[in-house]
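Just below is one structure, and these are the notes that go with it.
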Amino acid sequence: MTEATGGRVLVVDDSAVNRMVLTKALTAEGHTTLTAEHGMQALELLRADDERPVDVVLLDLEMPELDGYETLRRIKADDALRHLPVIVISSVDELESVVRCIEIGATDYLPKPFEPALLKARLNASLAEKRLHDLQLEYLEQVNRVVDAAGAVEAEDFEPESLDEVARREDALGQLARVFQRMAREVFKREQRLKAQVQQLRIQIDEARAARKVAEITDSDFFRDLQEKASKLRLDGESTGG
């Protein structure tokens with residue numbers, strides 16, 4: 001596994017030696033690691049907004065501050081974290097403990113000392129599960145963008161660039177987004193042409209109304225009488241001046 005395909009793994013264990021051993025094994029497989037000495041510290045790291053999201057948690061059970069059972073319970077009770085795969089690695093190997101962890105939501109349970117090959121296999125399976133979940137969330141989020149775009153078109157405030165990311169997909173959703181963008185642009189251009197035509201028609205109507213009003217005035221008896229009086233006054237003026 002290369003660094004490009006490796007995951008980000010949080011190692012939660014109160015033993016510095018155990019954290020070091022796990023970190024070394026994970027780094028050799030191309031993963032990046034975070035470490036926490038107890039559950040409270042682990043939860044703080046998982047909820048930190050300024051960090052790249054963790055892909056898998058390796059969790060010890062017997063720890064101070066907050067033990068593994070309660071840490072696992074809080075992770076699974078948090079809507080933002082509940083999808084996160086948690087592999088319990090503990091020296092507590094009683095069946096009751098295994099069942100309890102699985103019931104709370106643990107993805108897997110490995111005894112200490114752990115077998116490197118088994119840890120690698122379980123970790124890779126958990127990473128695949130996490131990445132599938134992330135892809136599903138991304139897909140649903142982009143489907144919602146297309147749905148929102150449809151509403152924006154109806155509200156006449158759609159911006160085709162809002163679907164650029166979705167349109168880059170090579171699947172059916174990407175094709176739908178590209179078709180949607182093209183149709184929206186065509187509709188926008190057609191509306192612009194119609195608006196220009198309507199505006200021109202309004203100008204022509206206004207001009208026709210103005211011409212009709214002028215004609216109504218100039219064709220009236222009152223206007224003709226004014227013209228006669230004006231002509232008479234002009235003639236009288238010319239005679240007086242002569």
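Identifiers for the structure tokens are assigned positionally: chains receive A, B, ... in sequence, residues are indexed from 1 per chain, and ligands are indexed from 1 in the order shown.
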
Sorted by chain and rising residue number, which residues of range 78-181 of chain A lie within 10 Å of range 43-47 of chain A, and what are their closest atom pairs and distances in Å to one decimal, counting only C-alpha atoms, as CSV?
```
residue,atom,partner,partner_atom,distance
A:Asp78,CA,A:Arg47,CA,9.9
A:Ala80,CA,A:Arg47,CA,8.4
A:Leu81,CA,A:Leu46,CA,7.8
A:Leu84,CA,A:Leu46,CA,9.8
```

| field | DSSP strand (DSSP E or B) residues within range 97-137 of chain A, as a list in words | value | Asp108, Tyr109, Leu110 and Pro111 of chain A

Tell me which protein, DNA and RNA residues are within 10 Å of range 25-37 of chain A, counting only C-alpha atoms, leaving out same-chain ones fewer than 2 positions away, and put them as a PDB file with N, CA, C and O atoms, in the first residue's frame.
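File around29.pdb, as written:
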```pdb
ATOM      1  N   MET A   1       0.842  -1.204   0.000  1.00  0.00           N
ATOM      2  CA  MET A   1       0.000   0.000   0.000  1.00  0.00           C
ATOM      3  C   MET A   1       0.870   1.244   0.000  1.00  0.00           C
ATOM      4  O   MET A   1       1.830   1.336   0.759  1.00  0.00           O
ATOM      5  N   THR A   2       0.594   2.211  -0.841  1.00  0.00           N
ATOM      6  CA  THR A   2       1.377   3.432  -0.937  1.00  0.00           C
ATOM      7  C   THR A   2       0.762   4.516  -0.080  1.00  0.00           C
ATOM      8  O   THR A   2      -0.367   4.411   0.398  1.00  0.00           O
ATOM      9  N   GLU A   3       1.509   5.614   0.087  1.00  0.00           N
ATOM     10  CA  GLU A   3       0.996   6.722   0.887  1.00  0.00           C
ATOM     11  C   GLU A   3      -0.242   7.325   0.258  1.00  0.00           C
ATOM     12  O   GLU A   3      -1.131   7.819   0.932  1.00  0.00           O
ATOM     13  N   ALA A   4      -0.318   7.249  -1.097  1.00  0.00           N
ATOM     14  CA  ALA A   4      -1.467   7.829  -1.793  1.00  0.00           C
ATOM     15  C   ALA A   4      -2.741   7.083  -1.484  1.00  0.00           C
ATOM     16  O   ALA A   4      -3.818   7.648  -1.471  1.00  0.00           O
ATOM     17  N   THR A   5      -2.610   5.752  -1.245  1.00  0.00           N
ATOM     18  CA  THR A   5      -3.798   4.956  -0.974  1.00  0.00           C
ATOM     19  C   THR A   5      -3.956   4.640   0.507  1.00  0.00           C
ATOM     20  O   THR A   5      -4.924   4.014   0.904  1.00  0.00           O
ATOM     21  N   GLY A   6      -2.965   5.011   1.316  1.00  0.00           N
ATOM     22  CA  GLY A   6      -3.038   4.734   2.744  1.00  0.00           C
ATOM     23  C   GLY A   6      -4.100   5.565   3.421  1.00  0.00           C
ATOM     24  O   GLY A   6      -4.567   6.576   2.895  1.00  0.00           O
ATOM     25  N   GLY A   7      -4.475   5.132   4.624  1.00  0.00           N
ATOM     26  CA  GLY A   7      -5.503   5.845   5.366  1.00  0.00           C
ATOM     27  C   GLY A   7      -4.915   6.662   6.495  1.00  0.00           C
ATOM     28  O   GLY A   7      -3.718   6.633   6.758  1.00  0.00           O
ATOM     29  N   ARG A   8      -5.793   7.404   7.139  1.00  0.00           N
ATOM     30  CA  ARG A   8      -5.401   8.171   8.325  1.00  0.00           C
ATOM     31  C   ARG A   8      -5.987   7.451   9.530  1.00  0.00           C
ATOM     32  O   ARG A   8      -7.211   7.356   9.673  1.00  0.00           O
ATOM     33  N   VAL A   9      -5.123   6.948  10.379  1.00  0.00           N
ATOM     34  CA  VAL A   9      -5.540   6.053  11.460  1.00  0.00           C
ATOM     35  C   VAL A   9      -5.269   6.704  12.807  1.00  0.00           C
ATOM     36  O   VAL A   9      -4.173   7.220  13.054  1.00  0.00           O
ATOM     37  N   LEU A  10      -6.278   6.677  13.674  1.00  0.00           N
ATOM     38  CA  LEU A  10      -6.125   7.175  15.044  1.00  0.00           C
ATOM     39  C   LEU A  10      -5.878   5.998  15.975  1.00  0.00           C
ATOM     40  O   LEU A  10      -6.717   5.091  16.081  1.00  0.00           O
ATOM     41  N   VAL A  11      -4.726   6.009  16.633  1.00  0.00           N
ATOM     42  CA  VAL A  11      -4.363   4.955  17.598  1.00  0.00           C
ATOM     43  C   VAL A  11      -4.666   5.477  18.996  1.00  0.00           C
ATOM     44  O   VAL A  11      -4.097   6.485  19.422  1.00  0.00           O
ATOM     45  N   VAL A  12      -5.565   4.796  19.708  1.00  0.00           N
ATOM     46  CA  VAL A  12      -5.963   5.230  21.047  1.00  0.00           C
ATOM     47  C   VAL A  12      -5.537   4.157  22.049  1.00  0.00           C
ATOM     48  O   VAL A  12      -6.108   3.062  22.100  1.00  0.00           O
ATOM     49  N   ASP A  13      -4.509   4.473  22.852  1.00  0.00           N
ATOM     50  CA  ASP A  13      -3.963   3.500  23.802  1.00  0.00           C
ATOM     51  C   ASP A  13      -3.201   4.267  24.872  1.00  0.00           C
ATOM     52  O   ASP A  13      -2.453   5.192  24.558  1.00  0.00           O
ATOM     53  N   ASP A  14      -3.390   3.895  26.132  1.00  0.00           N
ATOM     54  CA  ASP A  14      -2.697   4.600  27.205  1.00  0.00           C
ATOM     55  C   ASP A  14      -1.240   4.182  27.340  1.00  0.00           C
ATOM     56  O   ASP A  14      -0.476   4.833  28.050  1.00  0.00           O
ATOM     57  N   SER A  15      -0.830   3.126  26.648  1.00  0.00           N
ATOM     58  CA  SER A  15       0.551   2.652  26.713  1.00  0.00           C
ATOM     59  C   SER A  15       1.376   3.296  25.600  1.00  0.00           C
ATOM     60  O   SER A  15       1.075   3.137  24.408  1.00  0.00           O
ATOM     61  N   ALA A  16       2.431   4.009  25.977  1.00  0.00           N
ATOM     62  CA  ALA A  16       3.301   4.644  24.990  1.00  0.00           C
ATOM     63  C   ALA A  16       3.969   3.593  24.104  1.00  0.00           C
ATOM     64  O   ALA A  16       4.174   3.818  22.909  1.00  0.00           O
ATOM     65  N   ARG A  19       1.431   2.399  21.534  1.00  0.00           N
ATOM     66  CA  ARG A  19       1.234   3.421  20.510  1.00  0.00           C
ATOM     67  C   ARG A  19       2.404   3.443  19.531  1.00  0.00           C
ATOM     68  O   ARG A  19       2.207   3.564  18.310  1.00  0.00           O
ATOM     69  N   MET A  20       3.601   3.288  20.062  1.00  0.00           N
ATOM     70  CA  MET A  20       4.792   3.306  19.213  1.00  0.00           C
ATOM     71  C   MET A  20       4.814   2.099  18.275  1.00  0.00           C
ATOM     72  O   MET A  20       5.096   2.229  17.078  1.00  0.00           O
ATOM     73  N   VAL A  21       4.491   0.910  18.810  1.00  0.00           N
ATOM     74  CA  VAL A  21       4.499  -0.313  18.001  1.00  0.00           C
ATOM     75  C   VAL A  21       3.467  -0.228  16.877  1.00  0.00           C
ATOM     76  O   VAL A  21       3.752  -0.546  15.715  1.00  0.00           O
ATOM     77  N   LEU A  22       2.277   0.221  17.222  1.00  0.00           N
ATOM     78  CA  LEU A  22       1.222   0.335  16.210  1.00  0.00           C
ATOM     79  C   LEU A  22       1.558   1.398  15.173  1.00  0.00           C
ATOM     80  O   LEU A  22       1.361   1.194  13.970  1.00  0.00           O
ATOM     81  N   THR A  23       2.062   2.538  15.630  1.00  0.00           N
ATOM     82  CA  THR A  23       2.417   3.616  14.698  1.00  0.00           C
ATOM     83  C   THR A  23       3.486   3.153  13.714  1.00  0.00           C
ATOM     84  O   THR A  23       3.406   3.435  12.505  1.00  0.00           O
ATOM     85  N   GLY A  39      -9.698   8.159  25.882  1.00  0.00           N
ATOM     86  CA  GLY A  39     -10.871   8.424  25.072  1.00  0.00           C
ATOM     87  C   GLY A  39     -11.201   9.885  24.892  1.00  0.00           C
ATOM     88  O   GLY A  39     -11.602  10.311  23.802  1.00  0.00           O
ATOM     89  N   MET A  40     -11.046  10.697  25.943  1.00  0.00           N
ATOM     90  CA  MET A  40     -11.377  12.112  25.831  1.00  0.00           C
ATOM     91  C   MET A  40     -10.491  12.794  24.790  1.00  0.00           C
ATOM     92  O   MET A  40     -10.965  13.581  23.970  1.00  0.00           O
ATOM     93  N   GLN A  41      -9.207  12.462  24.824  1.00  0.00           N
ATOM     94  CA  GLN A  41      -8.283  13.038  23.842  1.00  0.00           C
ATOM     95  C   GLN A  41      -8.631  12.566  22.436  1.00  0.00           C
ATOM     96  O   GLN A  41      -8.552  13.332  21.467  1.00  0.00           O
ATOM     97  N   ALA A  42      -9.029  11.300  22.327  1.00  0.00           N
ATOM     98  CA  ALA A  42      -9.407  10.755  21.014  1.00  0.00           C
ATOM     99  C   ALA A  42     -10.615  11.489  20.451  1.00  0.00           C
ATOM    100  O   ALA A  42     -10.636  11.850  19.263  1.00  0.00           O
ATOM    101  N   LEU A  43     -11.625  11.724  21.268  1.00  0.00           N
ATOM    102  CA  LEU A  43     -12.820  12.423  20.806  1.00  0.00           C
ATOM    103  C   LEU A  43     -12.505  13.858  20.374  1.00  0.00           C
ATOM    104  O   LEU A  43     -13.070  14.359  19.401  1.00  0.00           O
ATOM    105  N   GLU A  44     -11.606  14.512  21.102  1.00  0.00           N
ATOM    106  CA  GLU A  44     -11.204  15.867  20.725  1.00  0.00           C
ATOM    107  C   GLU A  44     -10.553  15.871  19.353  1.00  0.00           C
ATOM    108  O   GLU A  44     -10.817  16.748  18.523  1.00  0.00           O
ATOM    109  N   LEU A  45      -9.694  14.894  19.086  1.00  0.00           N
ATOM    110  CA  LEU A  45      -9.027  14.806  17.788  1.00  0.00           C
ATOM    111  C   LEU A  45     -10.030  14.505  16.674  1.00  0.00           C
ATOM    112  O   LEU A  45      -9.949  15.073  15.581  1.00  0.00           O
ATOM    113  N   LEU A  46     -10.975  13.621  16.952  1.00  0.00           N
ATOM    114  CA  LEU A  46     -11.957  13.247  15.935  1.00  0.00           C
ATOM    115  C   LEU A  46     -12.877  14.408  15.584  1.00  0.00           C
ATOM    116  O   LEU A  46     -13.356  14.504  14.444  1.00  0.00           O
ATOM    117  N   VAL A  54     -10.285  11.385  10.037  1.00  0.00           N
ATOM    118  CA  VAL A  54      -9.712  10.065  10.341  1.00  0.00           C
ATOM    119  C   VAL A  54     -10.511   9.001   9.588  1.00  0.00           C
ATOM    120  O   VAL A  54     -11.733   9.103   9.465  1.00  0.00           O
ATOM    121  N   VAL A  56      -9.955   5.388  10.177  1.00  0.00           N
ATOM    122  CA  VAL A  56     -10.163   4.219  11.040  1.00  0.00           C
ATOM    123  C   VAL A  56      -9.611   4.544  12.422  1.00  0.00           C
ATOM    124  O   VAL A  56      -8.602   5.240  12.557  1.00  0.00           O
ATOM    125  N   VAL A  57     -10.270   3.999  13.445  1.00  0.00           N
ATOM    126  CA  VAL A  57      -9.792   4.134  14.821  1.00  0.00           C
ATOM    127  C   VAL A  57      -9.365   2.766  15.332  1.00  0.00           C
ATOM    128  O   VAL A  57     -10.110   1.785  15.202  1.00  0.00           O
ATOM    129  N   LEU A  58      -8.154   2.699  15.902  1.00  0.00           N
ATOM    130  CA  LEU A  58      -7.698   1.499  16.615  1.00  0.00           C
ATOM    131  C   LEU A  58      -7.809   1.818  18.096  1.00  0.00           C
ATOM    132  O   LEU A  58      -7.124   2.721  18.594  1.00  0.00           O
ATOM    133  N   LEU A  59      -8.663   1.097  18.806  1.00  0.00           N
ATOM    134  CA  LEU A  59      -9.070   1.497  20.157  1.00  0.00           C
ATOM    135  C   LEU A  59      -8.747   0.447  21.205  1.00  0.00           C
ATOM    136  O   LEU A  59      -9.160  -0.719  21.089  1.00  0.00           O
ATOM    137  N   ASP A  60      -8.034   0.891  22.238  1.00  0.00           N
ATOM    138  CA  ASP A  60      -7.801   0.045  23.412  1.00  0.00           C
ATOM    139  C   ASP A  60      -9.007   0.164  24.347  1.00  0.00           C
ATOM    140  O   ASP A  60      -9.788   1.117  24.238  1.00  0.00           O
ATOM    141  N   MET A  63      -8.326   2.130  29.711  1.00  0.00           N
ATOM    142  CA  MET A  63      -7.623   3.416  29.690  1.00  0.00           C
ATOM    143  C   MET A  63      -8.171   4.319  30.788  1.00  0.00           C
ATOM    144  O   MET A  63      -9.322   4.173  31.203  1.00  0.00           O
ATOM    145  N   PRO A  64      -7.363   5.290  31.257  1.00  0.00           N
ATOM    146  CA  PRO A  64      -7.862   6.278  32.223  1.00  0.00           C
ATOM    147  C   PRO A  64      -8.724   7.314  31.527  1.00  0.00           C
ATOM    148  O   PRO A  64      -8.888   7.287  30.309  1.00  0.00           O
ATOM    149  N   GLU A  65      -9.251   8.243  32.331  1.00  0.00           N
ATOM    150  CA  GLU A  65     -10.078   9.341  31.813  1.00  0.00           C
ATOM    151  C   GLU A  65     -11.391   8.833  31.211  1.00  0.00           C
ATOM    152  O   GLU A  65     -12.467   9.102  31.709  1.00  0.00           O
ATOM    153  N   LEU A  66     -11.297   8.086  30.099  1.00  0.00           N
ATOM    154  CA  LEU A  66     -12.476   7.538  29.424  1.00  0.00           C
ATOM    155  C   LEU A  66     -12.064   6.220  28.788  1.00  0.00           C
ATOM    156  O   LEU A  66     -11.202   6.192  27.905  1.00  0.00           O
ATOM    157  N   PRO A 116       0.394  -8.948  12.974  1.00  0.00           N
ATOM    158  CA  PRO A 116       0.504  -7.906  11.944  1.00  0.00           C
ATOM    159  C   PRO A 116      -0.272  -8.213  10.664  1.00  0.00           C
ATOM    160  O   PRO A 116      -0.935  -7.325  10.116  1.00  0.00           O
ATOM    161  N   LEU A 119      -3.980  -7.756  11.391  1.00  0.00           N
ATOM    162  CA  LEU A 119      -4.292  -6.340  11.530  1.00  0.00           C
ATOM    163  C   LEU A 119      -4.333  -5.670  10.162  1.00  0.00           C
ATOM    164  O   LEU A 119      -5.238  -4.878   9.872  1.00  0.00           O
ATOM    165  N   LYS A 120      -3.375  -6.007   9.317  1.00  0.00           N
ATOM    166  CA  LYS A 120      -3.331  -5.421   7.973  1.00  0.00           C
ATOM    167  C   LYS A 120      -4.605  -5.749   7.204  1.00  0.00           C
ATOM    168  O   LYS A 120      -5.210  -4.873   6.573  1.00  0.00           O
ATOM    169  N   LEU A 123      -7.616  -3.940   8.769  1.00  0.00           N
ATOM    170  CA  LEU A 123      -7.513  -2.507   8.538  1.00  0.00           C
ATOM    171  C   LEU A 123      -7.864  -2.160   7.094  1.00  0.00           C
ATOM    172  O   LEU A 123      -8.598  -1.201   6.833  1.00  0.00           O
TER     173      LEU A 123
END
```

| said: Please extract the residues of range 28-232 of chain A with a backbone DSSP assignment of alpha helix (DSSP H) and present them as a PyMOL selection string. | reply: chain A and resi 28+39-46+68-77+95-104+116-154+164-167+172-218+221-232

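Distances from A:Val17, A:Val143, A:Met183, A:Leu72 to Glu165 in chain A were compared using only C-alpha atoms, and the smallest one belongs to A:Val143.
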
| Residue nearest Arg73 in chain A among A:Ile102, A:Leu226, A:Val214, A:Val179 (counting only C-alpha atoms) |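 Smallest distance to Arg73 in chain A is found for A:Ile102.
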
| Close residues, Val146 in chain A itself excluded, 8 Å, only C-alpha atoms, min 4 positions apart in chain, as a list in words |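 The residues satisfying every condition are Gln142, Ala150, Leu163 and Ala177 of chain A.
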
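Using only C-alpha atoms, the protein and nucleic acid residues lying no more than 12 Å from Asp148 in chain A, apart from those fewer than 6 places from it along its own chain, are Glu141, Gln142, Glu154, Ala155, Asp157, Phe158, Glu159, Pro160, Ser162, Leu163, Ala177 and Phe180 of chain A.
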
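From CA of Ser90 in chain A back to CA of Arg122 in chain A, the distance works out to 14.7 Å.
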